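What's in target-v5.txt: compact mmCIF, C-alpha atoms
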# COMPACT_ATOMS: atom_id res chain seq x y z
CA MET A 1 -56.83 0.17 21.19
CA ALA A 2 -58.67 2.37 23.67
CA LYS A 3 -60.60 0.69 26.46
CA ILE A 4 -64.20 1.74 26.05
CA ILE A 5 -67.11 1.12 28.39
CA THR A 6 -70.60 1.94 27.15
CA ILE A 7 -73.47 2.36 29.58
CA SER A 8 -77.06 1.97 28.47
CA ARG A 9 -79.59 2.49 31.21
CA GLU A 10 -83.19 2.67 32.22
CA PHE A 11 -84.32 6.16 33.20
CA GLY A 12 -84.02 6.51 36.97
CA SER A 13 -81.78 3.47 37.44
CA GLY A 14 -78.70 5.52 38.33
CA GLY A 15 -76.84 4.44 35.19
CA ARG A 16 -75.49 7.92 34.51
CA GLU A 17 -74.14 8.27 38.06
CA LEU A 18 -72.64 4.81 37.81
CA GLY A 19 -70.97 5.74 34.53
CA LYS A 20 -69.56 9.00 35.88
CA ARG A 21 -68.21 7.44 39.06
CA LEU A 22 -66.82 4.50 37.10
CA ALA A 23 -64.90 6.85 34.80
CA ASP A 24 -63.54 8.68 37.87
CA GLU A 25 -62.50 5.45 39.56
CA LEU A 26 -60.82 4.05 36.45
CA GLY A 27 -59.31 7.34 35.32
CA PHE A 28 -61.18 7.14 32.01
CA ASP A 29 -62.61 10.06 30.04
CA TYR A 30 -66.35 10.47 30.49
CA TYR A 31 -68.86 11.47 27.83
CA ASP A 32 -72.54 12.09 28.08
CA ARG A 33 -74.00 15.58 27.70
CA GLU A 34 -70.73 16.85 26.19
CA ILE A 35 -71.63 14.92 23.06
CA LEU A 36 -75.07 16.50 22.91
CA GLU A 37 -73.57 19.99 23.10
CA GLN A 38 -71.24 19.24 20.20
CA VAL A 39 -73.99 17.60 18.15
CA ALA A 40 -76.29 20.61 18.58
CA LYS A 41 -73.49 23.01 17.67
CA GLU A 42 -72.46 21.05 14.61
CA SER A 43 -76.06 20.71 13.43
CA GLU A 44 -76.81 24.36 14.19
CA LEU A 45 -79.85 23.36 16.23
CA ASP A 46 -80.98 24.29 19.71
CA GLU A 47 -79.51 21.95 22.35
CA ALA A 48 -82.77 21.33 24.20
CA TYR A 49 -84.53 20.56 20.92
CA ALA A 50 -81.64 18.31 19.81
CA GLU A 51 -81.88 16.42 23.10
CA LYS A 52 -85.58 15.77 22.68
CA VAL A 53 -85.21 14.64 19.09
CA LEU A 54 -82.29 12.32 19.92
CA ASP A 55 -84.12 10.91 22.93
CA GLY A 56 -87.06 10.11 20.67
CA SER A 57 -89.33 12.03 23.05
CA PHE A 58 -90.09 15.11 20.93
CA SER A 59 -92.99 13.80 18.89
CA LEU A 60 -94.93 12.77 22.00
CA GLY A 61 -96.26 16.27 22.69
CA PHE A 62 -97.32 16.96 19.12
CA PRO A 63 -100.83 17.99 18.05
CA VAL A 64 -102.48 15.26 16.05
CA THR A 65 -104.04 17.54 13.42
CA PHE A 66 -103.28 15.78 10.17
CA GLY A 67 -101.77 18.61 8.08
CA ARG A 68 -99.58 20.07 10.80
CA THR A 69 -98.50 16.70 12.13
CA PHE A 70 -97.37 15.72 8.67
CA LEU A 71 -95.42 18.96 8.31
CA TYR A 72 -93.86 18.63 11.76
CA THR A 73 -92.98 15.00 11.23
CA ASP A 74 -91.27 15.83 7.99
CA ILE A 75 -89.06 18.51 9.55
CA LEU A 76 -88.47 16.32 12.58
CA GLN A 77 -87.35 13.48 10.34
CA GLN A 78 -84.82 15.74 8.60
CA ASP A 79 -83.49 17.09 11.90
CA ALA A 80 -83.34 13.62 13.43
CA THR A 81 -81.28 12.35 10.49
CA LYS A 82 -78.96 15.37 10.67
CA LEU A 83 -78.51 14.95 14.44
CA LEU A 84 -77.95 11.21 14.30
CA VAL A 85 -75.31 11.58 11.58
CA ALA A 86 -73.54 14.30 13.60
CA GLU A 87 -73.77 12.23 16.77
CA GLU A 88 -72.28 9.16 15.14
CA LYS A 89 -69.45 11.24 13.65
CA ILE A 90 -68.63 12.84 17.00
CA ILE A 91 -68.72 9.55 18.90
CA ARG A 92 -66.41 7.95 16.33
CA SER A 93 -64.00 10.87 16.49
CA LEU A 94 -63.89 10.60 20.30
CA ALA A 95 -62.98 6.92 20.04
CA LYS A 96 -60.35 7.67 17.41
CA LYS A 97 -58.54 9.93 19.89
CA GLY A 98 -57.56 6.69 21.58
CA ASN A 99 -58.26 7.67 25.20
CA ASP A 100 -59.91 5.14 27.47
CA MET A 101 -63.47 6.25 28.07
CA VAL A 102 -66.90 5.66 29.54
CA ILE A 103 -69.75 6.80 27.35
CA VAL A 104 -73.35 6.90 28.53
CA GLY A 105 -76.26 6.31 26.18
CA ARG A 106 -76.42 7.42 22.54
CA CYS A 107 -76.24 3.85 21.19
CA ALA A 108 -72.47 4.04 21.59
CA ASP A 109 -72.34 0.26 21.99
CA VAL A 110 -73.63 -0.09 18.44
CA ILE A 111 -71.66 2.80 16.92
CA LEU A 112 -68.36 1.69 18.48
CA ARG A 113 -68.78 -2.07 18.09
CA ASP A 114 -65.49 -2.30 16.13
CA TYR A 115 -63.66 -1.10 19.23
CA LYS A 116 -64.96 -4.10 21.18
CA PRO A 117 -66.27 -2.05 24.10
CA LEU A 118 -67.50 -3.52 27.36
CA ASN A 119 -71.24 -2.91 27.05
CA ILE A 120 -73.16 -2.53 30.30
CA PHE A 121 -76.90 -2.17 30.83
CA VAL A 122 -78.08 -0.66 34.12
CA TYR A 123 -81.62 -1.29 35.35
CA ALA A 124 -83.77 -1.29 38.46
CA ASP A 125 -87.30 -2.09 39.52
CA MET A 126 -89.98 0.59 39.10
CA ASP A 127 -90.25 1.48 42.81
CA SER A 128 -86.54 2.07 43.00
CA LYS A 129 -86.56 4.19 39.82
CA ILE A 130 -89.46 6.27 41.12
CA ALA A 131 -87.62 6.85 44.42
CA ARG A 132 -84.46 7.92 42.58
CA CYS A 133 -86.37 10.26 40.26
CA ARG A 134 -88.12 11.84 43.22
CA TRP A 135 -84.84 12.29 45.04
CA ARG A 136 -83.19 13.99 42.05
CA ALA A 137 -86.23 16.00 40.92
CA PRO A 138 -86.27 19.80 41.04
CA LYS A 139 -87.97 21.10 44.19
CA ASN A 140 -90.93 22.52 42.28
CA GLU A 141 -91.71 19.22 40.54
CA ALA A 142 -94.58 17.51 42.30
CA LEU A 143 -95.43 14.41 40.29
CA SER A 144 -97.37 11.51 41.78
CA ASP A 145 -95.86 8.01 41.69
CA LYS A 146 -98.18 7.18 38.81
CA GLU A 147 -97.04 10.23 36.85
CA LEU A 148 -93.39 9.46 37.56
CA ALA A 149 -93.85 5.86 36.41
CA ARG A 150 -95.48 7.16 33.21
CA LYS A 151 -92.57 9.57 32.64
CA ILE A 152 -90.01 6.79 33.18
CA LYS A 153 -91.78 4.53 30.70
CA GLN A 154 -92.07 7.40 28.20
CA VAL A 155 -88.35 8.18 28.30
CA ASP A 156 -87.42 4.52 27.95
CA THR A 157 -89.88 4.08 25.08
CA GLY A 158 -88.09 6.95 23.31
CA ARG A 159 -84.72 5.31 23.92
CA ALA A 160 -86.01 2.03 22.59
CA ARG A 161 -87.36 3.78 19.50
CA GLN A 162 -84.04 5.49 18.80
CA ARG A 163 -82.17 2.22 19.23
CA LYS A 164 -84.42 0.58 16.66
CA LEU A 165 -82.96 3.00 14.09
CA MET A 166 -79.47 1.63 14.74
CA THR A 167 -79.90 -2.10 15.31
CA ASP A 168 -82.37 -4.95 15.12
CA LYS A 169 -81.72 -5.85 18.76
CA ASP A 170 -84.25 -4.50 21.21
CA TRP A 171 -83.20 -1.89 23.74
CA GLY A 172 -82.69 -3.46 27.16
CA GLU A 173 -82.62 -6.98 25.71
CA LYS A 174 -79.84 -8.57 27.73
CA GLU A 175 -78.34 -10.33 24.69
CA SER A 176 -77.07 -6.94 23.47
CA TYR A 177 -74.86 -6.36 26.51
CA HIS A 178 -71.95 -8.10 28.23
CA LEU A 179 -73.14 -7.26 31.69
CA CYS A 180 -76.50 -6.15 33.10
CA ILE A 181 -76.47 -4.59 36.53
CA ASN A 182 -79.47 -4.23 38.82
CA THR A 183 -79.22 -1.16 41.05
CA THR A 184 -82.40 -1.92 43.03
CA GLY A 185 -81.64 -1.43 46.71
CA ALA A 186 -77.95 -0.89 46.02
CA SER A 187 -75.75 2.09 46.72
CA ILE A 188 -74.36 3.20 43.36
CA LYS A 189 -71.16 4.28 45.12
CA ASN A 190 -70.49 0.75 46.41
CA LEU A 191 -71.59 -0.88 43.18
CA VAL A 192 -69.16 1.24 41.18
CA SER A 193 -66.15 -0.30 42.95
CA CYS A 194 -67.41 -3.78 42.06
CA VAL A 195 -67.95 -2.85 38.41
CA ALA A 196 -64.55 -1.16 38.31
CA GLU A 197 -62.91 -4.35 39.57
CA PHE A 198 -64.78 -6.32 36.90
CA ALA A 199 -63.71 -3.86 34.20
CA LYS A 200 -60.04 -3.83 35.25
CA CYS A 201 -60.01 -7.60 34.96
CA TYR A 202 -62.00 -7.57 31.69
CA PHE A 203 -59.48 -5.30 29.95
CA LYS A 204 -56.37 -7.07 31.30
CA MET B 1 -73.89 -14.60 57.75
CA ALA B 2 -72.51 -16.84 55.02
CA LYS B 3 -71.67 -15.28 51.66
CA ILE B 4 -73.84 -17.01 49.11
CA ILE B 5 -73.71 -16.72 45.33
CA THR B 6 -76.52 -18.30 43.34
CA ILE B 7 -76.11 -18.99 39.63
CA SER B 8 -79.10 -19.40 37.35
CA ARG B 9 -78.22 -20.11 33.76
CA GLU B 10 -79.41 -20.85 30.29
CA PHE B 11 -78.60 -24.38 29.14
CA GLY B 12 -75.33 -24.31 27.20
CA SER B 13 -74.26 -20.88 28.44
CA GLY B 14 -71.42 -22.22 30.59
CA GLY B 15 -73.10 -21.13 33.82
CA ARG B 16 -72.24 -24.34 35.64
CA GLU B 17 -68.56 -24.09 34.68
CA LEU B 18 -68.56 -20.46 35.71
CA GLY B 19 -70.09 -21.38 39.07
CA LYS B 20 -67.59 -24.17 39.71
CA ARG B 21 -64.56 -22.08 38.80
CA LEU B 22 -65.91 -19.13 40.79
CA ALA B 23 -66.24 -21.29 43.90
CA ASP B 24 -62.66 -22.54 43.37
CA GLU B 25 -61.31 -19.02 42.91
CA LEU B 26 -63.13 -17.64 45.95
CA GLY B 27 -62.57 -20.70 48.12
CA PHE B 28 -66.33 -21.17 48.55
CA ASP B 29 -68.17 -24.48 48.83
CA TYR B 30 -69.84 -25.53 45.59
CA TYR B 31 -73.20 -27.23 45.23
CA ASP B 32 -74.98 -28.49 42.18
CA ARG B 33 -75.43 -32.24 41.56
CA GLU B 34 -74.57 -33.01 45.20
CA ILE B 35 -77.97 -31.59 46.12
CA LEU B 36 -79.73 -33.79 43.59
CA GLU B 37 -78.06 -36.90 45.00
CA GLN B 38 -79.23 -36.03 48.51
CA VAL B 39 -82.73 -35.13 47.34
CA ALA B 40 -83.13 -38.46 45.51
CA LYS B 41 -81.81 -40.37 48.53
CA GLU B 42 -84.07 -38.57 50.98
CA SER B 43 -87.11 -39.02 48.73
CA GLU B 44 -86.25 -42.66 48.02
CA LEU B 45 -86.51 -42.03 44.30
CA ASP B 46 -84.17 -42.81 41.43
CA GLU B 47 -81.65 -39.99 40.85
CA ALA B 48 -82.12 -39.80 37.07
CA TYR B 49 -85.89 -39.72 37.52
CA ALA B 50 -85.59 -37.07 40.26
CA GLU B 51 -83.42 -34.95 37.98
CA LYS B 52 -85.97 -35.06 35.18
CA VAL B 53 -88.86 -34.23 37.48
CA LEU B 54 -86.97 -31.35 39.10
CA ASP B 55 -85.85 -30.01 35.74
CA GLY B 56 -89.48 -29.99 34.63
CA SER B 57 -88.52 -32.07 31.60
CA PHE B 58 -90.05 -35.43 32.49
CA SER B 59 -93.54 -34.92 31.23
CA LEU B 60 -92.34 -33.96 27.75
CA GLY B 61 -91.84 -37.56 26.60
CA PHE B 62 -95.17 -38.83 27.90
CA PRO B 63 -97.81 -40.62 25.82
CA VAL B 64 -100.88 -38.46 25.37
CA THR B 65 -103.42 -41.26 25.90
CA PHE B 66 -105.98 -39.77 28.28
CA GLY B 67 -106.21 -42.43 30.99
CA ARG B 68 -102.52 -43.15 31.26
CA THR B 69 -101.54 -39.51 31.07
CA PHE B 70 -103.87 -38.71 33.92
CA LEU B 71 -102.41 -41.51 36.00
CA TYR B 72 -98.81 -40.54 35.21
CA THR B 73 -99.46 -36.85 35.86
CA ASP B 74 -100.96 -37.66 39.20
CA ILE B 75 -97.96 -39.71 40.32
CA LEU B 76 -95.61 -37.14 38.82
CA GLN B 77 -97.32 -34.39 40.78
CA GLN B 78 -96.88 -36.29 44.06
CA ASP B 79 -93.22 -37.02 43.30
CA ALA B 80 -92.57 -33.43 42.21
CA THR B 81 -94.00 -32.11 45.47
CA LYS B 82 -91.99 -34.61 47.51
CA LEU B 83 -88.78 -33.75 45.62
CA LEU B 84 -89.27 -30.00 45.81
CA VAL B 85 -89.91 -30.14 49.56
CA ALA B 86 -86.78 -32.27 50.06
CA GLU B 87 -84.73 -29.99 47.83
CA GLU B 88 -85.78 -26.85 49.70
CA LYS B 89 -85.00 -28.51 53.03
CA ILE B 90 -81.54 -29.60 51.89
CA ILE B 91 -80.66 -26.21 50.40
CA ARG B 92 -81.75 -24.45 53.59
CA SER B 93 -79.70 -26.85 55.72
CA LEU B 94 -76.62 -26.19 53.56
CA ALA B 95 -77.01 -22.45 54.10
CA LYS B 96 -77.52 -22.96 57.83
CA LYS B 97 -74.07 -24.60 58.04
CA GLY B 98 -72.77 -21.07 57.53
CA ASN B 99 -70.08 -21.82 54.95
CA ASP B 100 -69.64 -19.40 52.05
CA MET B 101 -70.95 -21.10 48.94
CA VAL B 102 -71.81 -21.02 45.26
CA ILE B 103 -74.98 -22.87 44.36
CA VAL B 104 -76.03 -23.53 40.77
CA GLY B 105 -79.68 -23.73 39.75
CA ARG B 106 -82.48 -25.19 41.86
CA CYS B 107 -84.14 -21.79 42.47
CA ALA B 108 -81.65 -21.24 45.29
CA ASP B 109 -81.96 -17.48 44.80
CA VAL B 110 -85.62 -17.73 45.81
CA ILE B 111 -85.18 -20.34 48.56
CA LEU B 112 -82.28 -18.50 50.20
CA ARG B 113 -83.53 -14.93 49.74
CA ASP B 114 -83.29 -14.29 53.50
CA TYR B 115 -79.54 -14.82 53.27
CA LYS B 116 -79.26 -11.92 50.79
CA PRO B 117 -77.27 -13.88 48.23
CA LEU B 118 -75.62 -12.36 45.18
CA ASN B 119 -77.86 -13.66 42.41
CA ILE B 120 -76.27 -14.09 39.00
CA PHE B 121 -77.89 -15.09 35.72
CA VAL B 122 -75.63 -16.47 32.99
CA TYR B 123 -76.74 -16.39 29.36
CA ALA B 124 -75.43 -16.48 25.80
CA ASP B 125 -76.74 -16.25 22.26
CA MET B 126 -78.07 -19.40 20.61
CA ASP B 127 -75.07 -19.97 18.28
CA SER B 128 -72.73 -19.83 21.22
CA LYS B 129 -74.90 -22.23 23.26
CA ILE B 130 -75.11 -24.68 20.36
CA ALA B 131 -71.31 -24.58 19.96
CA ARG B 132 -70.81 -25.21 23.69
CA CYS B 133 -73.32 -28.08 23.73
CA ARG B 134 -71.64 -29.67 20.72
CA TRP B 135 -68.24 -29.33 22.36
CA ARG B 136 -69.42 -30.99 25.56
CA ALA B 137 -71.66 -33.63 23.98
CA PRO B 138 -70.87 -37.33 24.24
CA LYS B 139 -69.04 -38.61 21.13
CA ASN B 140 -71.98 -40.72 19.99
CA GLU B 141 -74.45 -37.83 20.09
CA ALA B 142 -74.97 -36.49 16.58
CA LEU B 143 -77.64 -33.79 16.79
CA SER B 144 -78.07 -31.17 14.10
CA ASP B 145 -77.93 -27.48 15.04
CA LYS B 146 -81.71 -27.36 14.78
CA GLU B 147 -82.08 -30.34 17.13
CA LEU B 148 -79.61 -28.85 19.59
CA ALA B 149 -81.45 -25.52 19.56
CA ARG B 150 -84.71 -27.41 20.25
CA LYS B 151 -83.06 -29.30 23.14
CA ILE B 152 -81.70 -26.05 24.62
CA LYS B 153 -85.11 -24.39 24.44
CA GLN B 154 -86.75 -27.50 25.93
CA VAL B 155 -84.42 -27.58 28.95
CA ASP B 156 -84.87 -23.86 29.55
CA THR B 157 -88.65 -24.17 29.23
CA GLY B 158 -88.52 -26.81 31.97
CA ARG B 159 -86.43 -24.53 34.17
CA ALA B 160 -88.85 -21.68 33.61
CA ARG B 161 -91.79 -23.96 34.49
CA GLN B 162 -90.13 -25.07 37.73
CA ARG B 163 -89.35 -21.49 38.68
CA LYS B 164 -92.99 -20.57 38.23
CA LEU B 165 -93.80 -22.90 41.12
CA MET B 166 -91.55 -20.85 43.43
CA THR B 167 -92.03 -17.21 42.42
CA ASP B 168 -94.12 -14.90 40.26
CA LYS B 169 -90.99 -13.55 38.56
CA ASP B 170 -90.20 -15.11 35.22
CA TRP B 171 -87.08 -17.21 34.83
CA GLY B 172 -84.33 -15.26 33.08
CA GLU B 173 -86.12 -11.94 33.66
CA LYS B 174 -83.21 -9.67 34.56
CA GLU B 175 -85.15 -7.96 37.38
CA SER B 176 -84.78 -11.16 39.44
CA TYR B 177 -80.99 -11.03 39.48
CA HIS B 178 -78.29 -8.62 40.66
CA LEU B 179 -76.01 -9.34 37.76
CA CYS B 180 -76.57 -10.89 34.33
CA ILE B 181 -73.50 -12.10 32.49
CA ASN B 182 -73.29 -12.79 28.77
CA THR B 183 -70.77 -15.52 27.95
CA THR B 184 -71.11 -15.17 24.17
CA GLY B 185 -67.63 -15.17 22.66
CA ALA B 186 -66.01 -15.06 26.09
CA SER B 187 -63.66 -17.51 27.74
CA ILE B 188 -65.35 -18.66 30.93
CA LYS B 189 -61.94 -18.97 32.57
CA ASN B 190 -61.19 -15.26 32.03
CA LEU B 191 -64.70 -14.17 32.87
CA VAL B 192 -64.53 -15.99 36.21
CA SER B 193 -61.70 -13.78 37.45
CA CYS B 194 -63.78 -10.68 36.63
CA VAL B 195 -66.86 -12.04 38.41
CA ALA B 196 -64.71 -13.07 41.37
CA GLU B 197 -63.36 -9.52 41.66
CA PHE B 198 -66.92 -8.19 41.51
CA ALA B 199 -68.03 -10.66 44.19
CA LYS B 200 -65.13 -9.90 46.54
CA CYS B 201 -66.05 -6.24 46.37
CA TYR B 202 -69.79 -6.97 46.70
CA PHE B 203 -69.35 -8.88 49.94
CA LYS B 204 -66.86 -6.42 51.49

Here is the file; what I need is its structure written in the form of structure tokens.
Amino acid sequence: MAKIITISREFGSGGRELGKRLADELGFDYYDREILEQVAKESELDEAYAEKVLDGSFSLGFPVTFGRTFLYTDILQQDATKLLVAEEKIIRSLAKKGNDMVIVGRCADVILRDYKPLNIFVYADMDSKIARCRWRAPKNEALSDKELARKIKQVDTGRARQRKLMTDKDWGEKESYHLCINTTGASIKNLVSCVAEFAKCYFK
Amino acid sequence: MAKIITISREFGSGGRELGKRLADELGFDYYDREILEQVAKESELDEAYAEKVLDGSFSLGFPVTFGRTFLYTDILQQDATKLLVAEEKIIRSLAKKGNDMVIVGRCADVILRDYKPLNIFVYADMDSKIARCRWRAPKNEALSDKELARKIKQVDTGRARQRKLMTDKDWGEKESYHLCINTTGASIKNLVSCVAEFAKCYFK
């Protein structure tokens, strides 16, 4: 059976970078945005829209007018169902290929539970996440620390909401993962080697 | 500076076994009950009593009569202070010796923060903890699953209470640790090798 590592992560914790570098170090396939592209294509929906719906962040900017909100919510619900079904199908088909892989986000730990993946949760304290977001932000983005903290919480609330559709375990609740890794104050590059050593041993 | 690994753990999660085996595998000194023995000796208090006070579990069995409770609590408070001061002193003196070490419990992660230890939290789901407790229980102990679950929660509540005296971070809150390890369904023996590989890389 393929060796699968799933990475769930707090926004700004460096989980995606850790996942990518881990895949490189272990020689595993890596999946993250590639899945989103396929999902959008298969669902015949715009990729940016699909991303927002799947991240659970789309509804946040909606007008609260009753009639329109109801209408929007209804369409959103249909699209969300369509996208989630496509996403699950694509993730399962990737696993079926049998290649070892690292997959970031998308509740892959729940979808692929029969493959007995190593499920990792990556987190950091708020200051560290703010610093990382600022460092990676586009040059024209000028958010205050308060605004960045709000954005981080908003993204993670969306992730938590999406996870609730798949499982009764809360997002980020350590009981759902084999290993939780704190990136506060750490260099992701160095940490990756340690996690890779752990993983090599885990799959022996 | 000495390489120090601190292990905090849920009762029944196998954290102590993991710590012991990890020390063996890495060739580090190991401290757990040895500290308690020294603390009791230095404080001129009975070891079993010292253990209960330090675990925060002593007061649970107390009569609730007002006068006596007040008296007991007062003495308990004095003893707790004396024991905690002795414990901190002993843990600091162990670190000062400069040997690499694994230390289980006793808020060592907080006491030794200046040594930049690798702080690990070990946890498991309740079924797994009950099974482990039953497996390790003395032959004449015949607790039901419900009673064992209550005992586990009681011990961990004591640990959380003691930690509150040392830091504003909650016990078991993943932000306080570098690595959280779930032992549910895992063999501690196998897991130890993975953690040892992680640690070797971490201290490189």

Taking a cut-off of 12 Å and counting only C-alpha atoms, can you build a table that, for each residue of segment 36-134 of chain B near segment 177-180 of chain A, reports the nearest atom pair and how far apart they are in Å (one decimal), sorted by chain then residue number, as a tab-separated table?
residue	atom	partner	partner_atom	distance
B:Ile120	CA	A:Cys180	CA	9.9
B:Phe121	CA	A:Cys180	CA	9.4
B:Val122	CA	A:Leu179	CA	9.6
B:Tyr123	CA	A:His178	CA	9.6
B:Ala124	CA	A:His178	CA	9.4
B:Asp125	CA	A:Tyr177	CA	10.9

Selected residues written out, C-alpha atoms, as a CSV table (one decimal), in the coordinates of the input:
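And here is the file that came out, selection-v6.csv:
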chain,number,residue,atom,x,y,z
B,120,ILE,CA,-76.3,-14.1,39.0
B,121,PHE,CA,-77.9,-15.1,35.7
B,122,VAL,CA,-75.6,-16.5,33.0
B,123,TYR,CA,-76.7,-16.4,29.4
B,124,ALA,CA,-75.4,-16.5,25.8
B,125,ASP,CA,-76.7,-16.2,22.3

Would you write out, as a Markdown table, a table of all residues in chain B that have an atom no more than 9 Å from an atom of chain A, listing for each the closest atom pair and the distance in Å to one decimal, considering only C-alpha atoms and ordering rows by chain and rising residue number?
| residue | atom | partner | partner_atom | distance |
| --- | --- | --- | --- | --- |
| B:Tyr123 | CA | A:Glu175 | CA | 7.8 |
| B:Ala124 | CA | A:Glu175 | CA | 6.9 |
| B:Asp125 | CA | A:Glu175 | CA | 6.6 |
| B:Lys174 | CA | A:Lys174 | CA | 7.7 |
| B:Glu175 | CA | A:Asp125 | CA | 6.6 |
| B:Ser176 | CA | A:Asn182 | CA | 8.8 |
| B:Tyr177 | CA | A:Asn182 | CA | 7.0 |
| B:His178 | CA | A:Asn182 | CA | 4.9 |
| B:Leu179 | CA | A:Ile181 | CA | 4.9 |
| B:Cys180 | CA | A:Cys180 | CA | 4.9 |
| B:Ile181 | CA | A:Leu179 | CA | 4.9 |
| B:Asn182 | CA | A:His178 | CA | 4.9 |
| B:Thr183 | CA | A:His178 | CA | 7.5 |
| B:Thr184 | CA | A:His178 | CA | 8.2 |
| B:Asn190 | CA | A:Tyr202 | CA | 7.7 |
| B:Leu191 | CA | A:Tyr202 | CA | 7.2 |
| B:Ser193 | CA | A:Cys201 | CA | 6.9 |
| B:Cys194 | CA | A:Phe198 | CA | 4.5 |
| B:Val195 | CA | A:Phe198 | CA | 6.3 |
| B:Ala196 | CA | A:Phe198 | CA | 8.1 |
| B:Glu197 | CA | A:Glu197 | CA | 5.6 |
| B:Phe198 | CA | A:Cys194 | CA | 4.5 |
| B:Ala199 | CA | A:Cys194 | CA | 7.2 |
| B:Lys200 | CA | A:Cys194 | CA | 7.9 |
| B:Cys201 | CA | A:Cys194 | CA | 5.1 |
| B:Tyr202 | CA | A:Cys194 | CA | 6.1 |

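Here atom CA of Ala80 of chain B is placed at a distance of 11.2 Å from atom CA of Val39 of chain B.
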
Within 12 Å of Asp145 of chain B using all atoms listed in the file, minus same-chain residues under 4 positions, as a PDB file with C-alpha atoms, keeping the file's coordinate frame:
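In the end it all went to result-v3.pdb:
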ATOM      1  CA  MET B 126     -78.070 -19.400  20.610  1.00  0.00           C
ATOM      2  CA  ASP B 127     -75.070 -19.970  18.280  1.00  0.00           C
ATOM      3  CA  SER B 128     -72.730 -19.830  21.220  1.00  0.00           C
ATOM      4  CA  LYS B 129     -74.900 -22.230  23.260  1.00  0.00           C
ATOM      5  CA  ILE B 130     -75.110 -24.680  20.360  1.00  0.00           C
ATOM      6  CA  ALA B 131     -71.310 -24.580  19.960  1.00  0.00           C
ATOM      7  CA  ARG B 132     -70.810 -25.210  23.690  1.00  0.00           C
ATOM      8  CA  CYS B 133     -73.320 -28.080  23.730  1.00  0.00           C
ATOM      9  CA  ARG B 134     -71.640 -29.670  20.720  1.00  0.00           C
ATOM     10  CA  ALA B 149     -81.450 -25.520  19.560  1.00  0.00           C
ATOM     11  CA  ARG B 150     -84.710 -27.410  20.250  1.00  0.00           C
ATOM     12  CA  LYS B 151     -83.060 -29.300  23.140  1.00  0.00           C
ATOM     13  CA  ILE B 152     -81.700 -26.050  24.620  1.00  0.00           C
TER      14      ILE B 152
END

(request) Please measure the separation of atom CA of Pro117 of chain A and atom CA of Lys52 of chain A, giving the value in Å to one decimal. (result) 26.3 Å

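With atom CA of Lys20 of chain B on one side and atom CA of Met101 of chain B on the other, the separation reads 10.3 Å.
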
(request) Could you give me, as a PyMOL selection string, the residues within 8 Å of Val104 of chain B, counting all atoms listed in the file and dropping anything in the same chain fewer than 6 positions from it? (result) chain B and resi 6-8+15-16+19+31-32

For C-alpha atoms, I'd like the residues from the last selection saved as a compact mmCIF listing (two decimals), in the frame of the given file.
# COMPACT_ATOMS: atom_id res chain seq x y z
CA THR B 6 -76.52 -18.30 43.34
CA ILE B 7 -76.11 -18.99 39.63
CA SER B 8 -79.10 -19.40 37.35
CA GLY B 15 -73.10 -21.13 33.82
CA ARG B 16 -72.24 -24.34 35.64
CA GLY B 19 -70.09 -21.38 39.07
CA TYR B 31 -73.20 -27.23 45.23
CA ASP B 32 -74.98 -28.49 42.18

(request) Could you tell me which of B:Asn99, B:Thr81, B:Ser43, B:Ser93 comes closest to Met1 of chain B if we count all atoms listed in the file? (result) B:Asn99

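Shortest atom-to-atom contact with Arg9 of chain B among B:Glu37, B:Asp109, B:Glu25, B:Glu88: B:Asp109, counting all atoms listed in the file.
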